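Structure below is start-v4.txt: compact mmCIF, C-alpha atoms.
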# COMPACT_ATOMS: atom_id res chain seq x y z
CA MET A 1 32.24 -160.47 -4.23
CA SER A 2 35.81 -159.30 -3.62
CA VAL A 3 37.99 -158.05 -6.46
CA PRO A 4 41.41 -159.68 -6.94
CA LYS A 5 44.19 -157.30 -5.84
CA SER A 6 47.88 -157.14 -6.62
CA PRO A 7 50.24 -156.46 -3.68
CA GLN A 8 50.46 -152.75 -4.56
CA THR A 9 46.69 -152.33 -4.75
CA ALA A 10 46.27 -154.31 -1.53
CA LEU A 11 48.45 -151.74 0.24
CA ILE A 12 45.84 -149.12 -0.60
CA HIS A 13 42.63 -151.17 -0.46
CA SER A 14 42.77 -153.35 2.66
CA ASP A 15 39.91 -155.67 3.57
CA TYR A 16 40.45 -155.06 7.29
CA THR A 17 37.97 -153.00 9.32
CA ALA A 18 38.59 -152.42 13.03
CA PRO A 19 35.92 -153.85 15.31
CA GLY A 20 33.29 -151.47 16.68
CA GLY A 21 32.49 -150.83 20.30
CA PHE A 22 35.69 -148.98 21.20
CA ALA A 23 35.10 -146.40 23.97
CA ALA A 24 37.58 -144.00 25.57
CA PHE A 25 37.59 -140.49 27.00
CA PRO A 26 39.60 -138.65 24.29
CA THR A 27 37.87 -137.45 21.14
CA ALA A 28 39.23 -139.33 18.14
CA ILE A 29 41.33 -137.42 15.61
CA HIS A 30 39.80 -137.71 12.14
CA HIS A 31 42.07 -136.38 9.40
CA ALA A 32 40.66 -135.84 5.92
CA SER A 33 40.82 -133.79 2.80
CA THR A 34 38.84 -136.27 0.72
CA VAL A 35 35.64 -137.55 2.31
CA VAL A 36 34.40 -140.83 0.82
CA PHE A 37 30.72 -141.19 -0.12
CA ALA A 38 28.87 -144.51 -0.12
CA ASP A 39 27.34 -143.84 -3.54
CA VAL A 40 26.58 -141.09 -6.05
CA ALA A 41 23.23 -140.36 -4.44
CA ALA A 42 24.97 -139.57 -1.14
CA LEU A 43 27.47 -137.31 -2.90
CA ARG A 44 24.70 -135.35 -4.65
CA SER A 45 22.42 -135.09 -1.65
CA ARG A 46 24.84 -133.64 0.89
CA ASN A 47 25.19 -129.94 1.64
CA TRP A 48 28.47 -128.73 3.14
CA GLN A 49 26.49 -126.47 5.50
CA ASP A 50 24.54 -129.44 6.90
CA LYS A 51 26.37 -130.59 10.01
CA SER A 52 24.57 -133.95 9.95
CA ALA A 53 26.96 -135.32 7.31
CA TYR A 54 30.42 -134.78 5.82
CA THR A 55 31.43 -133.46 2.42
CA TYR A 56 35.07 -132.33 2.41
CA GLY A 57 37.81 -131.99 4.99
CA LEU A 58 37.84 -128.20 4.79
CA HIS A 59 34.25 -128.17 6.04
CA GLY A 60 34.98 -130.43 8.99
CA THR A 61 35.38 -133.92 10.36
CA PRO A 62 33.90 -135.49 13.52
CA THR A 63 36.82 -133.95 15.45
CA SER A 64 36.12 -130.35 14.45
CA PHE A 65 32.34 -130.82 14.65
CA THR A 66 32.78 -131.94 18.25
CA LEU A 67 34.96 -128.96 19.09
CA GLU A 68 32.46 -126.55 17.53
CA ALA A 69 29.62 -128.03 19.57
CA ARG A 70 31.62 -127.92 22.81
CA LEU A 71 32.61 -124.28 22.34
CA ALA A 72 29.04 -123.26 21.54
CA GLU A 73 27.93 -124.97 24.76
CA ILE A 74 30.50 -123.06 26.84
CA GLU A 75 29.23 -119.71 25.53
CA ASP A 76 25.58 -120.82 25.64
CA GLY A 77 25.40 -120.29 21.88
CA ARG A 78 24.00 -122.46 19.10
CA HIS A 79 26.53 -122.32 16.27
CA CYS A 80 30.32 -122.16 15.98
CA VAL A 81 32.78 -121.57 13.14
CA LEU A 82 36.49 -122.33 13.61
CA ALA A 83 39.30 -120.25 12.11
CA PRO A 84 43.10 -120.63 11.93
CA SER A 85 43.68 -117.91 14.57
CA GLY A 86 41.89 -115.30 16.63
CA LEU A 87 42.80 -112.61 14.12
CA ALA A 88 41.48 -114.81 11.29
CA ALA A 89 38.16 -115.05 13.14
CA ILE A 90 38.02 -111.25 13.51
CA ALA A 91 38.76 -110.82 9.81
CA LEU A 92 36.06 -113.36 8.96
CA VAL A 93 33.42 -111.24 10.73
CA ASP A 94 34.54 -108.12 8.88
CA PHE A 95 34.57 -109.75 5.45
CA ALA A 96 31.28 -111.54 6.05
CA LEU A 97 29.33 -108.47 7.17
CA LEU A 98 30.98 -105.41 5.60
CA LYS A 99 31.25 -104.11 2.06
CA SER A 100 32.52 -100.96 0.39
CA GLY A 101 30.62 -97.95 1.68
CA ASP A 102 29.77 -99.52 5.04
CA ASP A 103 30.89 -98.17 8.40
CA VAL A 104 32.28 -100.07 11.40
CA LEU A 105 32.95 -98.81 14.93
CA ILE A 106 35.97 -100.21 16.79
CA PRO A 107 37.03 -99.42 20.38
CA GLU A 108 40.15 -97.32 20.83
CA ASN A 109 41.68 -100.02 23.08
CA VAL A 110 41.25 -102.82 20.53
CA TYR A 111 43.75 -105.67 20.07
CA GLY A 112 46.61 -104.22 18.00
CA PRO A 113 46.39 -106.50 14.94
CA SER A 114 42.64 -105.85 14.82
CA ARG A 115 43.38 -102.13 14.56
CA ASP A 116 45.81 -102.84 11.72
CA LEU A 117 43.09 -104.88 10.00
CA GLY A 118 40.63 -102.01 10.42
CA ASN A 119 43.09 -99.54 8.92
CA TRP A 120 43.60 -101.92 5.96
CA LEU A 121 39.84 -102.15 5.41
CA ALA A 122 39.64 -98.37 5.38
CA ARG A 123 42.61 -97.90 3.06
CA ASP A 124 42.00 -100.62 0.46
CA PHE A 125 38.37 -101.73 0.72
CA GLY A 126 36.39 -98.49 0.94
CA ILE A 127 35.02 -99.22 4.41
CA SER A 128 34.66 -96.40 6.92
CA VAL A 129 36.44 -97.37 10.16
CA ARG A 130 36.04 -95.18 13.23
CA TYR A 131 37.48 -95.66 16.72
CA TYR A 132 35.50 -94.84 19.84
CA ASP A 133 36.14 -94.38 23.56
CA PRO A 134 35.77 -97.88 25.08
CA LEU A 135 33.89 -96.38 28.06
CA ILE A 136 31.36 -94.56 25.88
CA GLY A 137 28.47 -96.85 26.88
CA ALA A 138 25.07 -95.68 25.64
CA GLY A 139 26.75 -92.63 24.12
CA ILE A 140 27.72 -94.78 21.16
CA ALA A 141 24.25 -94.09 19.79
CA ALA A 142 25.47 -90.65 18.69
CA LEU A 143 28.21 -92.27 16.57
CA ILE A 144 25.98 -94.68 14.68
CA GLN A 145 25.36 -93.53 11.11
CA PRO A 146 22.90 -94.84 8.50
CA ASN A 147 25.73 -96.87 6.93
CA THR A 148 27.04 -98.32 10.24
CA ARG A 149 26.77 -102.10 10.05
CA LEU A 150 28.87 -103.38 12.95
CA VAL A 151 30.14 -102.37 16.38
CA TRP A 152 33.17 -104.22 17.70
CA THR A 153 33.70 -104.49 21.45
CA GLU A 154 36.49 -105.91 23.59
CA ALA A 155 35.95 -106.69 27.26
CA PRO A 156 38.29 -105.60 28.67
CA GLY A 157 40.86 -103.99 26.36
CA SER A 158 43.71 -106.48 26.08
CA VAL A 159 46.40 -103.99 27.17
CA SER A 160 44.76 -100.98 28.85
CA MET A 161 42.02 -103.06 30.53
CA GLU A 162 39.01 -100.70 30.33
CA VAL A 163 35.79 -102.67 30.80
CA PRO A 164 32.98 -101.40 28.54
CA ASP A 165 29.29 -101.17 29.39
CA LEU A 166 28.29 -103.97 27.05
CA PRO A 167 24.52 -103.94 27.73
CA ALA A 168 24.33 -100.21 27.03
CA ILE A 169 26.34 -100.52 23.81
CA CYS A 170 24.22 -103.46 22.63
CA ARG A 171 20.94 -101.66 23.35
CA ALA A 172 22.07 -98.54 21.52
CA ALA A 173 23.30 -100.52 18.51
CA HIS A 174 20.24 -102.77 18.30
CA ASP A 175 17.91 -99.77 18.51
CA LYS A 176 19.45 -98.69 15.20
CA GLY A 177 19.61 -102.16 13.65
CA VAL A 178 23.36 -102.59 14.08
CA MET A 179 25.05 -105.83 15.17
CA VAL A 180 27.58 -106.11 17.99
CA ALA A 181 30.60 -108.42 17.97
CA LEU A 182 32.64 -109.09 21.12
CA ASP A 183 36.20 -110.27 21.57
CA ASN A 184 35.51 -112.38 24.67
CA THR A 185 38.94 -114.02 24.86
CA TRP A 186 39.85 -112.46 28.22
CA SER A 187 37.01 -114.30 30.01
CA ALA A 188 37.29 -117.52 27.96
CA GLY A 189 33.49 -117.65 28.02
CA ILE A 190 33.81 -118.74 31.66
CA ALA A 191 33.40 -115.38 33.40
CA LEU A 192 31.06 -113.49 31.05
CA ARG A 193 27.70 -114.56 29.60
CA ALA A 194 27.94 -112.43 26.49
CA PHE A 195 24.69 -113.39 24.77
CA GLU A 196 22.71 -112.52 27.89
CA LEU A 197 24.10 -108.98 27.62
CA GLY A 198 22.90 -108.62 24.02
CA VAL A 199 26.01 -109.49 21.99
CA ASP A 200 25.35 -110.99 18.53
CA ILE A 201 28.75 -112.58 17.77
CA VAL A 202 31.31 -113.86 20.27
CA MET A 203 34.91 -114.22 19.13
CA GLN A 204 37.33 -116.39 21.07
CA ALA A 205 41.06 -116.73 20.45
CA LEU A 206 41.36 -120.41 21.35
CA THR A 207 45.11 -119.82 21.28
CA LYS A 208 44.73 -118.58 24.86
CA TYR A 209 42.90 -120.35 27.72
CA GLN A 210 41.11 -122.99 25.67
CA SER A 211 44.43 -124.34 24.44
CA GLY A 212 46.24 -123.57 27.67
CA GLY A 213 49.54 -124.90 26.36
CA SER A 214 50.95 -121.98 24.35
CA ASP A 215 51.16 -124.36 21.40
CA VAL A 216 48.00 -123.86 19.29
CA LEU A 217 46.76 -121.08 17.02
CA MET A 218 42.99 -121.08 16.51
CA GLY A 219 39.94 -118.85 16.70
CA ALA A 220 36.19 -119.34 16.98
CA LEU A 221 33.03 -117.39 16.21
CA ILE A 222 29.94 -118.33 18.20
CA THR A 223 26.40 -117.18 17.46
CA ARG A 224 22.81 -117.92 18.33
CA ASP A 225 21.11 -116.61 15.18
CA THR A 226 21.08 -119.14 12.33
CA THR A 227 20.89 -116.55 9.54
CA LEU A 228 23.93 -114.75 10.95
CA HIS A 229 25.76 -118.05 11.31
CA ARG A 230 25.09 -118.84 7.64
CA LYS A 231 26.69 -115.55 6.60
CA LEU A 232 29.80 -116.34 8.64
CA GLU A 233 29.86 -119.92 7.40
CA THR A 234 29.60 -118.84 3.75
CA ALA A 235 32.46 -116.36 4.13
CA HIS A 236 34.45 -119.09 5.90
CA MET A 237 34.00 -121.36 2.88
CA ARG A 238 34.82 -118.67 0.32
CA LEU A 239 37.99 -117.66 2.14
CA GLY A 240 39.06 -121.31 2.33
CA TYR A 241 39.61 -121.26 6.09
CA GLY A 242 40.54 -124.55 7.66
CA ILE A 243 42.07 -125.86 10.88
CA GLY A 244 44.23 -128.90 11.60
CA MET A 245 42.52 -131.79 13.37
CA ASP A 246 45.56 -132.36 15.59
CA ASP A 247 45.14 -128.79 16.83
CA ALA A 248 41.40 -129.34 17.31
CA TYR A 249 42.25 -132.39 19.41
CA LEU A 250 44.66 -130.38 21.58
CA VAL A 251 41.94 -127.84 22.36
CA LEU A 252 39.41 -130.62 23.05
CA ARG A 253 41.90 -132.27 25.40
CA SER A 254 42.27 -129.03 27.34
CA LEU A 255 38.58 -128.12 27.68
CA PRO A 256 37.83 -130.35 30.71
CA THR A 257 40.32 -128.35 32.79
CA LEU A 258 39.41 -124.92 31.34
CA LYS A 259 37.37 -123.67 34.30
CA LEU A 260 39.82 -125.00 36.88
CA ARG A 261 42.76 -123.39 35.11
CA PHE A 262 40.93 -120.09 34.62
CA GLU A 263 40.11 -119.93 38.32
CA ALA A 264 43.74 -120.69 39.23
CA HIS A 265 44.97 -117.91 36.90
CA ASP A 266 42.35 -115.61 38.43
CA ALA A 267 43.37 -116.26 42.04
CA GLY A 268 47.08 -115.93 41.30
CA ALA A 269 46.66 -112.73 39.28
CA LEU A 270 44.55 -111.02 41.93
CA LYS A 271 47.15 -111.82 44.59
CA VAL A 272 50.01 -110.51 42.43
CA ALA A 273 48.04 -107.43 41.33
CA SER A 274 47.13 -106.54 44.91
CA TRP A 275 50.78 -106.82 45.92
CA LEU A 276 51.91 -104.62 43.03
CA LYS A 277 49.28 -102.05 43.93
CA SER A 278 50.94 -101.62 47.32
CA ARG A 279 54.38 -100.97 45.83
CA PRO A 280 55.75 -97.39 45.66
CA GLU A 281 57.18 -98.07 42.18
CA THR A 282 53.72 -98.42 40.62
CA ASP A 283 51.33 -95.61 39.78
CA ARG A 284 48.34 -97.79 38.87
CA VAL A 285 47.46 -101.46 38.50
CA LEU A 286 44.95 -101.94 35.68
CA HIS A 287 43.17 -105.07 36.87
CA PRO A 288 39.38 -105.04 36.27
CA ALA A 289 38.67 -106.56 39.68
CA LEU A 290 40.42 -103.66 41.44
CA PRO A 291 38.22 -100.61 42.17
CA ASP A 292 40.37 -98.02 40.38
CA CYS A 293 40.47 -99.86 37.05
CA PRO A 294 38.41 -97.96 34.43
CA GLY A 295 35.06 -99.70 34.04
CA HIS A 296 35.41 -101.67 37.28
CA GLU A 297 31.70 -101.16 38.01
CA ASN A 298 30.87 -102.83 34.68
CA TRP A 299 33.15 -105.74 35.51
CA ARG A 300 31.54 -106.16 38.93
CA ARG A 301 28.06 -106.21 37.39
CA ASP A 302 28.72 -108.43 34.36
CA PHE A 303 31.66 -110.71 35.17
CA SER A 304 32.17 -113.60 37.58
CA GLY A 305 35.98 -113.72 37.36
CA ALA A 306 39.03 -112.04 35.92
CA GLY A 307 41.56 -114.59 34.68
CA GLY A 308 45.28 -113.95 34.62
CA LEU A 309 45.88 -110.88 32.43
CA PHE A 310 46.37 -107.32 33.73
CA SER A 311 48.69 -104.33 33.28
CA VAL A 312 50.85 -102.19 35.53
CA VAL A 313 51.58 -98.49 35.02
CA PHE A 314 54.84 -97.50 36.69
CA ASP A 315 55.47 -94.22 38.44
CA ALA A 316 56.36 -91.51 35.92
CA ARG A 317 59.83 -91.09 37.46
CA TYR A 318 60.89 -94.36 35.79
CA SER A 319 62.01 -94.15 32.18
CA GLU A 320 61.37 -96.66 29.41
CA GLU A 321 64.98 -97.80 29.74
CA GLN A 322 64.41 -98.54 33.44
CA THR A 323 61.16 -100.47 32.95
CA ASP A 324 62.74 -102.42 30.10
CA ARG A 325 65.52 -103.34 32.52
CA PHE A 326 62.88 -104.46 35.01
CA VAL A 327 61.33 -106.79 32.41
CA ASP A 328 64.72 -108.10 31.31
CA SER A 329 65.69 -108.90 34.90
CA LEU A 330 62.68 -111.15 35.57
CA LYS A 331 63.48 -114.85 35.85
CA LEU A 332 60.14 -116.68 36.03
CA PHE A 333 58.30 -114.22 33.79
CA LYS A 334 59.28 -114.72 30.16
CA ILE A 335 59.03 -112.08 27.44
CA GLY A 336 56.51 -113.00 24.77
CA PHE A 337 53.11 -112.25 23.28
CA SER A 338 49.85 -114.12 23.86
CA TRP A 339 48.70 -115.42 27.23
CA GLY A 340 46.50 -118.04 28.86
CA GLY A 341 49.23 -120.67 29.14
CA SER A 342 50.94 -122.11 32.19
CA ASN A 343 53.92 -119.75 31.96
CA SER A 344 53.86 -116.18 33.21
CA LEU A 345 54.72 -113.45 30.69
CA ALA A 346 55.70 -109.78 30.75
CA VAL A 347 55.55 -107.36 27.80
CA PRO A 348 56.22 -103.58 27.86
CA TYR A 349 54.02 -101.37 25.65
CA ARG A 350 54.52 -97.85 24.31
CA MET A 351 51.03 -96.62 25.08
CA GLN A 352 51.56 -93.03 23.95
CA ALA A 353 52.18 -94.38 20.42
CA MET A 354 49.26 -96.84 20.60
CA ARG A 355 46.50 -94.65 22.03
CA ARG A 356 45.20 -91.16 21.51
CA ASN A 357 44.95 -89.16 24.74
CA TRP A 358 46.51 -91.87 26.89
CA PRO A 359 46.07 -90.43 30.42
CA HIS A 360 49.15 -91.88 32.16
CA ASP A 361 52.75 -90.65 31.99
CA GLY A 362 54.34 -93.79 33.36
CA GLN A 363 55.48 -96.83 31.39
CA LEU A 364 53.06 -99.76 31.05
CA VAL A 365 53.94 -103.44 31.37
CA ARG A 366 51.34 -106.14 30.75
CA LEU A 367 51.57 -109.29 32.84
CA ASN A 368 50.09 -112.72 32.24
CA ILE A 369 50.00 -114.67 35.48
CA GLY A 370 50.48 -118.34 34.71
CA LEU A 371 50.05 -121.34 36.95
CA GLU A 372 53.21 -120.93 39.00
CA ASN A 373 52.94 -120.37 42.75
CA PRO A 374 52.01 -116.68 43.06
CA ASP A 375 54.39 -116.23 45.99
CA ASP A 376 57.25 -117.24 43.70
CA LEU A 377 56.06 -114.76 41.09
CA ILE A 378 55.89 -111.99 43.68
CA ALA A 379 59.46 -112.78 44.75
CA ASP A 380 60.55 -112.57 41.12
CA LEU A 381 58.81 -109.24 40.64
CA GLU A 382 60.36 -107.93 43.85
CA GLN A 383 63.88 -108.72 42.69
CA GLY A 384 63.00 -107.22 39.30
CA LEU A 385 61.85 -103.98 40.89
CA ARG A 386 65.27 -103.59 42.42
CA ALA A 387 66.61 -103.27 38.86
CA LEU A 388 64.64 -100.04 38.43
Take the structure from the file and write it as C-alpha cells.
Amino acid sequence: MSVPKSPQTALIHSDYTAPGGFAAFPTAIHHASTVVFADVAALRSRNWQDKSAYTYGLHGTPTSFTLEARLAEIEDGRHCVLAPSGLAAIALVDFALLKSGDDVLIPENVYGPSRDLGNWLARDFGISVRYYDPLIGAGIAALIQPNTRLVWTEAPGSVSMEVPDLPAICRAAHDKGVMVALDNTWSAGIALRAFELGVDIVMQALTKYQSGGSDVLMGALITRDTTLHRKLETAHMRLGYGIGMDDAYLVLRSLPTLKLRFEAHDAGALKVASWLKSRPETDRVLHPALPDCPGHENWRRDFSGAGGLFSVVFDARYSEEQTDRFVDSLKLFKIGFSWGGSNSLAVPYRMQAMRRNWPHDGQLVRLNIGLENPDDLIADLEQGLRAL
C-alpha cells in the first residue's frame, strides 16, 4: 500500500523505476555514499570486505567492483584494491605491512615521491629504510636483515631505466620470508607477467596507460594471496581511501584499447630512441629494449614490450642550460610530469642530485612518446637539437 506524499516528499520518493533489460557496452556509473539496504537483516548481515554485496560508497559500487575485477584479470591476479593515486597505493602497502622497528629495502632508482615517502617513514615512524643498487639481483640476500619485512622493486626505474633481475630478487627475498612489491606501471601489466616471476604485490599507477587521457589520478594494488589482500584492504578502510566513480568509468572506458595503445607507444618510442642513438649529440639512450641499457638482458628475458617511456643522456659537452634550451625549443613535446597519454612529453632531470654514484656526466632528459606520428616527433627533436 502506497503512502500519501506531499509534493516535496514526492520529489525525493518517486514511484518510478526504470524498466529492466537495458544492455549497452559501457559500464554504468553508480555513485553512492549511502547504500540502501532492503531491511535490517540485510544491513546486519553484510561485511564490507565481502564483494558479493554493498555496504557503503567508500567500499565500492558496481562501477569500482568491475574495475577491480578487470585490473586483476589483466595482471592475472585475484584481488585488487583501488587508491586515489599511484603514490597513495604505494603508501598503502607501506602502512599495511610495516610498523616501527621494521626494515624496508627500496631501489636506488625508485620513483621520486616514493623515495620521499620512504624518508618520511624513516624520520617520523621509526622504520628502517635502506636503498639498494637496482641491478643487485640475487645479491640482495646479503642486505636482508631479521627485521626486513618488504622489498620494493621498480621495473624499470622510471627515470634511469635500469631493469632489475626480478626472479632473482624474489627468490632471495622469499627464501628469508620477505615479501616483494613491484611498481609495474611502466609495462601496464601488458608486457610483464609479474606474478609468474614471484612478485607478491603489483602496484599500477592507473594515471598512466590505463587512463590514457592524462586526466585521471588513480592507483591499484593487485595480489593473488587472500590473506595479503585482506591486510591491504583493512589498511585501505582505516585510511579512508576512496575513488570517484566518474574516474573509475574513465579508466574502464579506456581498457579495451589499452593493449593497442601500449603497442603503438612501444613502436613509436623504439623508432625515436633508435634515431636518437645515432645522433652525435647523445651519449647514451636509456631504453630497455636497446642492448646498452643497464639490465637489457633482464628485459629481454622477462618482458614482451617496452611502451613509450625512455631517457636520453646528452654528451657531456652540453651544459644544463643548453639541454634546457633544447627542451624549451620543442614544439610537439610538451613539458610536464606523468606519461602514458596521447601527448609526447619531455622533462630534464638533475641526476647527480637524485642518485648516488650516477655514472654519467651528461644531462638527462626523459621522453614520453605519445601517439603522434613518430616521424613528426623525430623532426621536432631534430629542430630542437639545433638549439643546443
Contact table stretch 203-283 of chain A vs stretch 19-25 of chain A, cut-off 12 Å, shortest pair per residue, only C-alpha atoms, as a tab-separated table:
residue	atom	partner	partner_atom	distance
A:Leu252	CA	A:Phe25	CA	10.8
A:Arg253	CA	A:Phe25	CA	9.4
A:Pro256	CA	A:Phe25	CA	10.8
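The spacing separating atom CA of A:His265 from atom CA of A:Asn368 amounts to 8.7 Å.
Comparing the minimum interatomic distances between A:Gly198 and each of A:Pro167, A:Gly295, A:Pro84, A:Gly341, counting all atoms listed in the file, we find that A:Pro167 sits nearest.
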Counting all atoms listed in the file, figure out which residue out of A:Leu197, A:Ala83, A:Leu143, A:Ile335 gets nearest to A:Val129.
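Residue with the minimum atom-to-atom distance to A:Val129: A:Leu143.
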Go through A:Arg355, A:Lys331, A:Arg123, A:Arg284 and flag the residue nearest A:Asp315, using all atoms listed in the file for the distances.
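Under the stated criterion, the closest residue is A:Arg284.
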Pick from A:Gly362, A:Gly189, A:Gly177, A:Gly57, whichever lies nearest to A:Arg149 using only C-alpha atoms
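Of A:Gly362, A:Gly189, A:Gly177, A:Gly57, the one nearest A:Arg149, counting only C-alpha atoms, is A:Gly177.
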Using only C-alpha atoms, pick whichever of A:Asp225, A:Asp292, A:Glu162, A:Asp103 has the shortest atom-to-atom distance to A:Ser274.
A:Asp292
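The smallest atom-to-atom distance between A:Phe195 and any of A:Ile243, A:Ala273, A:Leu364, A:Cys170, using all atoms listed in the file, is found for A:Cys170.
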Rounded to one decimal in Å, what is the spacing between atom CA of A:Phe65 and atom CA of A:Lys51?
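These atoms are spaced 7.6 Å apart.
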Contact residues around A:Ser2 with only C-alpha atoms at 10 Å, ignoring same-chain residues under 2 positions, as a list in words
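That gives Pro4, Lys5 and Asp15 of chain A.
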For atom CA of A:Ile136 and atom CA of A:His287, determine how far apart the two atoms are, in Å to one decimal place.
19.3 Å
